[in-house]
Amino acid sequence: MGTERQEVINLRPCWIFSGAPDDKFMAVPPDNAYIIAADSGYLAVKRNNLTPDLILGDFDSLDEKPDCGEIITAPAEKDDTDTMLAVKTALDRGYSDITIAGSVGGRLDHTYANIQTLAYILENGGFGRLIGSNDTVELLKAGEYTYERRDNMYLSLFSYSESAVLTTTGTKYNVTGYKLDNSFPLGVSNEIIRDKCSISVHEGQILVIFSKK
């Protein structure tokens, strides 16, 4: 269940930089993005020539503590990962559109933890996405969604809940009112074949993953 949060809404998107597994990972957030560096994500922020609004973490993976912007120091032993701490801080400050950069493509346990973090964002009234050098991941609840075609990218759809019902148009393999189960990967390696595709989630939650071919 989500926790109660203060009634404040920030329309700026929030970008959280985590410790990117790829040291060549580059990202271009919107000019108005509120930027949080989560611990070693500070290195990715510097590599992308960005200035963080906030830096937080236990700083156990950095040689020295950063000295720019607002800094929140967390204890080394804590229940939250540095990325989750950044997400909770962003939600507490009213940011509901959250991109976690450098969050896929490395250790599988970290990637799965970040996917669960998307569920936490969704449960607390926000929308999140993970981006890496080769993949992006979003978690959708019931609703209507549109995606533009992305050349040289596969589109995979998986049920994150026990099951989910969806309809797609504009993809190579369309479905209508189809029930996906989380125990069978039927939605892997689809493609958008029109300028745009639509995904209607009728029930449950769907993971949307774009991966480079």
# chains A, B, ... in the order shown; residues from 1 in each chain; ligands from 1

call {"tool": "select_by_dssp", "arguments": {"residues": "chain A", "states": "helix (DSSP H, G or I)", "output": "ChimeraX atom specification"}}
result
/A:41-47,82-92,108-123

call {"tool": "residues_around", "arguments": {"residues": "Lys196 in chain A", "least_positions_apart": "6", "cutoff": "7 Å", "atoms": "only C-alpha atoms", "output": "PyMOL selection string"}}
result
chain A and resi 146-149+170

call {"tool": "write_last_selection", "arguments": {"atoms": "all heavy atoms", "output": "mmCIF file, in the first residue's frame"}}
result
data_model
loop_
_atom_site.group_PDB
_atom_site.id
_atom_site.type_symbol
_atom_site.label_atom_id
_atom_site.label_comp_id
_atom_site.auth_asym_id
_atom_site.auth_seq_id
_atom_site.Cartn_x
_atom_site.Cartn_y
_atom_site.Cartn_z
ATOM 1 N N THR A 146 -0.119 5.561 -25.608
ATOM 2 C CA THR A 146 0.354 5.645 -26.982
ATOM 3 C C THR A 146 1.869 5.748 -27.000
ATOM 4 O O THR A 146 2.460 6.487 -26.201
ATOM 5 C CB THR A 146 -0.254 6.870 -27.703
ATOM 6 O OG1 THR A 146 -1.680 6.768 -27.693
ATOM 7 C CG2 THR A 146 0.233 6.943 -29.145
ATOM 8 N N TYR A 147 2.489 5.008 -27.915
ATOM 9 C CA TYR A 147 3.939 5.050 -28.077
ATOM 10 C C TYR A 147 4.286 5.271 -29.549
ATOM 11 O O TYR A 147 3.683 4.647 -30.432
ATOM 12 C CB TYR A 147 4.584 3.738 -27.611
ATOM 13 C CG TYR A 147 4.519 3.528 -26.126
ATOM 14 C CD1 TYR A 147 3.450 2.848 -25.551
ATOM 15 C CD2 TYR A 147 5.518 4.008 -25.295
ATOM 16 C CE1 TYR A 147 3.380 2.652 -24.183
ATOM 17 C CE2 TYR A 147 5.461 3.821 -23.919
ATOM 18 C CZ TYR A 147 4.392 3.144 -23.370
ATOM 19 O OH TYR A 147 4.325 2.960 -22.015
ATOM 20 N N GLU A 148 5.243 6.146 -29.809
ATOM 21 C CA GLU A 148 5.707 6.348 -31.167
ATOM 22 C C GLU A 148 6.655 5.223 -31.561
ATOM 23 O O GLU A 148 7.295 4.600 -30.711
ATOM 24 C CB GLU A 148 6.420 7.697 -31.292
ATOM 25 C CG GLU A 148 5.499 8.889 -31.074
ATOM 26 C CD GLU A 148 6.204 10.212 -31.292
ATOM 27 O OE1 GLU A 148 7.448 10.199 -31.486
ATOM 28 O OE2 GLU A 148 5.530 11.248 -31.266
ATOM 29 N N ARG A 149 6.735 4.973 -32.856
ATOM 30 C CA ARG A 149 7.611 3.928 -33.344
ATOM 31 C C ARG A 149 9.065 4.266 -33.014
ATOM 32 O O ARG A 149 9.498 5.407 -33.128
ATOM 33 C CB ARG A 149 7.453 3.780 -34.865
ATOM 34 C CG ARG A 149 8.293 2.630 -35.432
ATOM 35 C CD ARG A 149 7.964 2.377 -36.879
ATOM 36 N NE ARG A 149 8.251 3.550 -37.700
ATOM 37 C CZ ARG A 149 7.783 3.726 -38.936
ATOM 38 N NH1 ARG A 149 6.980 2.812 -39.467
ATOM 39 N NH2 ARG A 149 8.100 4.799 -39.617
ATOM 40 N N GLY A 170 -1.370 -1.246 -33.974
ATOM 41 C CA GLY A 170 -0.165 -0.631 -34.511
ATOM 42 C C GLY A 170 1.095 -1.431 -34.274
ATOM 43 O O GLY A 170 2.192 -0.949 -34.565
#

call {"tool": "select_by_dssp", "arguments": {"residues": "range 5-107 of chain A", "states": "strand (DSSP E or B)", "output": "list in words"}}
result
Asn10, Cys14, Trp15, Ile16, Phe17, Tyr34, Ile35, Ile36, Ala37, Ala38, Leu54, Ile55, Leu56, Gly57, Glu70, Ile71, Ile72, Thr73, Tyr95, Asp97, Ile98, Thr99, Ile100 and Ala101 of chain A

call {"tool": "residues_around", "arguments": {"residues": "Val208 in chain A", "least_positions_apart": "6", "cutoff": "6 Å", "atoms": "only C-alpha atoms", "output": "PyMOL selection string"}}
result
chain A and resi 137-138+156-157

call {"tool": "residues_around", "arguments": {"residues": "Val165 in chain A", "least_positions_apart": "5", "cutoff": "8 Å", "atoms": "only C-alpha atoms", "output": "list in words"}}
result
Gly177, Tyr178, Lys179, Leu180, Val201, His202, Glu203 and Gly204 of chain A

call {"tool": "closest_residue", "arguments": {"among": "A:Ile9, A:Leu43, A:Ile206, A:Ala74", "to": "Gly125 in chain A", "atoms": "only C-alpha atoms"}}
result
A:Ile9

call {"tool": "atom_distance", "arguments": {"atom1": "CA of Gly105 in chain A", "atom2": "CA of Met84 in chain A"}}
result
17.7 Å

call {"tool": "residues_around", "arguments": {"residues": "Ser189 in chain A", "least_positions_apart": "4", "cutoff": "12 Å", "atoms": "only C-alpha atoms", "output": "mmCIF file with all heavy atoms, in the first residue's frame"}}
result
data_model
loop_
_atom_site.group_PDB
_atom_site.id
_atom_site.type_symbol
_atom_site.label_atom_id
_atom_site.label_comp_id
_atom_site.auth_asym_id
_atom_site.auth_seq_id
_atom_site.Cartn_x
_atom_site.Cartn_y
_atom_site.Cartn_z
ATOM 1 N N ASN A 152 14.628 0.089 -34.822
ATOM 2 C CA ASN A 152 15.658 -0.796 -34.272
ATOM 3 C C ASN A 152 15.437 -1.128 -32.801
ATOM 4 O O ASN A 152 16.390 -1.392 -32.068
ATOM 5 C CB ASN A 152 17.060 -0.198 -34.460
ATOM 6 C CG ASN A 152 17.405 0.034 -35.914
ATOM 7 O OD1 ASN A 152 17.157 -0.833 -36.760
ATOM 8 N ND2 ASN A 152 17.951 1.210 -36.218
ATOM 9 N N MET A 153 14.151 -1.095 -32.392
ATOM 10 C CA MET A 153 13.827 -1.454 -31.016
ATOM 11 C C MET A 153 12.728 -2.508 -31.004
ATOM 12 O O MET A 153 11.762 -2.427 -31.761
ATOM 13 C CB MET A 153 13.346 -0.230 -30.228
ATOM 14 C CG MET A 153 14.346 0.909 -30.112
ATOM 15 S SD MET A 153 15.714 0.558 -28.979
ATOM 16 C CE MET A 153 14.930 0.840 -27.390
ATOM 17 N N TYR A 154 12.890 -3.512 -30.166
ATOM 18 C CA TYR A 154 11.825 -4.465 -29.899
ATOM 19 C C TYR A 154 10.913 -3.895 -28.812
ATOM 20 O O TYR A 154 11.362 -3.161 -27.921
ATOM 21 C CB TYR A 154 12.376 -5.798 -29.408
ATOM 22 C CG TYR A 154 13.043 -6.635 -30.477
ATOM 23 C CD1 TYR A 154 14.400 -6.912 -30.407
ATOM 24 C CD2 TYR A 154 12.312 -7.159 -31.539
ATOM 25 C CE1 TYR A 154 15.023 -7.687 -31.375
ATOM 26 C CE2 TYR A 154 12.918 -7.940 -32.515
ATOM 27 C CZ TYR A 154 14.270 -8.192 -32.425
ATOM 28 O OH TYR A 154 14.881 -8.950 -33.394
ATOM 29 N N LEU A 155 9.650 -4.257 -28.874
ATOM 30 C CA LEU A 155 8.673 -3.907 -27.843
ATOM 31 C C LEU A 155 8.188 -5.197 -27.199
ATOM 32 O O LEU A 155 7.637 -6.063 -27.883
ATOM 33 C CB LEU A 155 7.497 -3.150 -28.458
ATOM 34 C CG LEU A 155 6.242 -2.998 -27.588
ATOM 35 C CD1 LEU A 155 6.539 -2.117 -26.377
ATOM 36 C CD2 LEU A 155 5.083 -2.433 -28.401
ATOM 37 N N SER A 156 8.411 -5.329 -25.911
ATOM 38 C CA SER A 156 7.942 -6.511 -25.190
ATOM 39 C C SER A 156 6.970 -6.094 -24.100
ATOM 40 O O SER A 156 7.175 -5.083 -23.422
ATOM 41 C CB SER A 156 9.120 -7.279 -24.574
ATOM 42 O OG SER A 156 9.979 -7.777 -25.578
ATOM 43 N N LEU A 157 5.914 -6.875 -23.953
ATOM 44 C CA LEU A 157 4.868 -6.595 -22.968
ATOM 45 C C LEU A 157 4.703 -7.813 -22.071
ATOM 46 O O LEU A 157 4.472 -8.928 -22.553
ATOM 47 C CB LEU A 157 3.533 -6.287 -23.670
ATOM 48 C CG LEU A 157 3.560 -5.147 -24.693
ATOM 49 C CD1 LEU A 157 2.219 -5.072 -25.440
ATOM 50 C CD2 LEU A 157 3.860 -3.824 -24.018
ATOM 51 N N PHE A 158 4.809 -7.593 -20.761
ATOM 52 C CA PHE A 158 4.681 -8.680 -19.802
ATOM 53 C C PHE A 158 3.692 -8.284 -18.701
ATOM 54 O O PHE A 158 3.606 -7.106 -18.333
ATOM 55 C CB PHE A 158 6.028 -8.996 -19.145
ATOM 56 C CG PHE A 158 7.118 -9.367 -20.113
ATOM 57 C CD1 PHE A 158 8.141 -8.471 -20.397
ATOM 58 C CD2 PHE A 158 7.128 -10.598 -20.731
ATOM 59 C CE1 PHE A 158 9.148 -8.803 -21.286
ATOM 60 C CE2 PHE A 158 8.130 -10.944 -21.618
ATOM 61 C CZ PHE A 158 9.143 -10.046 -21.904
ATOM 62 N N THR A 171 0.973 -2.656 -33.769
ATOM 63 C CA THR A 171 2.130 -3.520 -33.549
ATOM 64 C C THR A 171 2.110 -4.678 -34.538
ATOM 65 O O THR A 171 1.090 -4.972 -35.165
ATOM 66 C CB THR A 171 2.144 -4.074 -32.117
ATOM 67 O OG1 THR A 171 0.944 -4.829 -31.889
ATOM 68 C CG2 THR A 171 2.211 -2.953 -31.100
ATOM 69 N N LYS A 172 3.232 -5.326 -34.679
ATOM 70 C CA LYS A 172 3.334 -6.455 -35.602
ATOM 71 C C LYS A 172 2.393 -7.573 -35.195
ATOM 72 O O LYS A 172 1.754 -8.219 -36.043
ATOM 73 C CB LYS A 172 4.782 -6.961 -35.649
ATOM 74 C CG LYS A 172 5.027 -8.047 -36.675
ATOM 75 C CD LYS A 172 6.505 -8.408 -36.741
ATOM 76 C CE LYS A 172 6.767 -9.473 -37.808
ATOM 77 N NZ LYS A 172 8.218 -9.805 -37.893
ATOM 78 N N TYR A 173 2.308 -7.816 -33.903
ATOM 79 C CA TYR A 173 1.394 -8.835 -33.386
ATOM 80 C C TYR A 173 0.391 -8.133 -32.474
ATOM 81 O O TYR A 173 0.701 -7.812 -31.322
ATOM 82 C CB TYR A 173 2.167 -9.905 -32.607
ATOM 83 C CG TYR A 173 3.293 -10.521 -33.395
ATOM 84 C CD1 TYR A 173 4.624 -10.201 -33.092
ATOM 85 C CD2 TYR A 173 3.054 -11.408 -34.438
ATOM 86 C CE1 TYR A 173 5.667 -10.757 -33.815
ATOM 87 C CE2 TYR A 173 4.091 -11.968 -35.169
ATOM 88 C CZ TYR A 173 5.392 -11.637 -34.851
ATOM 89 O OH TYR A 173 6.421 -12.182 -35.567
ATOM 90 N N PRO A 185 5.939 -15.988 -21.048
ATOM 91 C CA PRO A 185 6.428 -14.772 -21.708
ATOM 92 C C PRO A 185 5.944 -14.614 -23.144
ATOM 93 O O PRO A 185 6.734 -14.456 -24.078
ATOM 94 C CB PRO A 185 7.948 -14.977 -21.663
ATOM 95 C CG PRO A 185 8.116 -16.459 -21.796
ATOM 96 C CD PRO A 185 6.950 -17.064 -21.053
ATOM 97 N N VAL A 208 6.248 -2.587 -19.874
ATOM 98 C CA VAL A 208 6.552 -2.250 -21.261
ATOM 99 C C VAL A 208 8.063 -2.083 -21.374
ATOM 100 O O VAL A 208 8.649 -1.217 -20.723
ATOM 101 C CB VAL A 208 5.848 -0.948 -21.683
ATOM 102 C CG1 VAL A 208 6.228 -0.570 -23.110
ATOM 103 C CG2 VAL A 208 4.336 -1.080 -21.546
ATOM 104 N N ILE A 209 8.695 -2.926 -22.190
ATOM 105 C CA ILE A 209 10.145 -2.896 -22.318
ATOM 106 C C ILE A 209 10.524 -2.693 -23.775
ATOM 107 O O ILE A 209 10.113 -3.442 -24.656
ATOM 108 C CB ILE A 209 10.771 -4.210 -21.815
ATOM 109 C CG1 ILE A 209 10.390 -4.453 -20.344
ATOM 110 C CG2 ILE A 209 12.295 -4.186 -21.970
ATOM 111 C CD1 ILE A 209 10.902 -5.763 -19.774
ATOM 112 N N PHE A 210 11.286 -1.639 -24.030
ATOM 113 C CA PHE A 210 11.887 -1.413 -25.346
ATOM 114 C C PHE A 210 13.353 -1.827 -25.260
ATOM 115 O O PHE A 210 14.075 -1.364 -24.370
ATOM 116 C CB PHE A 210 11.785 0.058 -25.749
ATOM 117 C CG PHE A 210 10.424 0.485 -26.229
ATOM 118 C CD1 PHE A 210 9.504 1.050 -25.353
ATOM 119 C CD2 PHE A 210 10.055 0.309 -27.550
ATOM 120 C CE1 PHE A 210 8.245 1.443 -25.789
ATOM 121 C CE2 PHE A 210 8.804 0.695 -28.001
ATOM 122 C CZ PHE A 210 7.904 1.260 -27.128
ATOM 123 N N SER A 211 13.788 -2.677 -26.190
ATOM 124 C CA SER A 211 15.169 -3.161 -26.193
ATOM 125 C C SER A 211 15.752 -3.025 -27.593
ATOM 126 O O SER A 211 15.075 -3.301 -28.592
ATOM 127 C CB SER A 211 15.231 -4.640 -25.773
ATOM 128 O OG SER A 211 14.743 -4.819 -24.471
ATOM 129 N N LYS A 212 17.016 -2.613 -27.654
ATOM 130 C CA LYS A 212 17.684 -2.503 -28.943
ATOM 131 C C LYS A 212 17.814 -3.874 -29.590
ATOM 132 O O LYS A 212 18.089 -4.873 -28.929
ATOM 133 C CB LYS A 212 19.069 -1.883 -28.775
ATOM 134 C CG LYS A 212 19.055 -0.388 -28.556
ATOM 135 C CD LYS A 212 20.466 0.179 -28.552
ATOM 136 C CE LYS A 212 20.456 1.691 -28.367
ATOM 137 N NZ LYS A 212 21.838 2.241 -28.338
ATOM 138 N N LYS A 213 17.618 -3.902 -30.923
ATOM 139 C CA LYS A 213 17.744 -5.162 -31.663
ATOM 140 C C LYS A 213 19.224 -5.549 -31.756
ATOM 141 O O LYS A 213 20.096 -4.692 -31.801
ATOM 142 C CB LYS A 213 17.159 -4.991 -33.070
ATOM 143 C CG LYS A 213 15.647 -4.779 -33.070
ATOM 144 C CD LYS A 213 15.124 -4.673 -34.484
ATOM 145 C CE LYS A 213 13.610 -4.491 -34.500
ATOM 146 N NZ LYS A 213 13.087 -4.355 -35.872
#
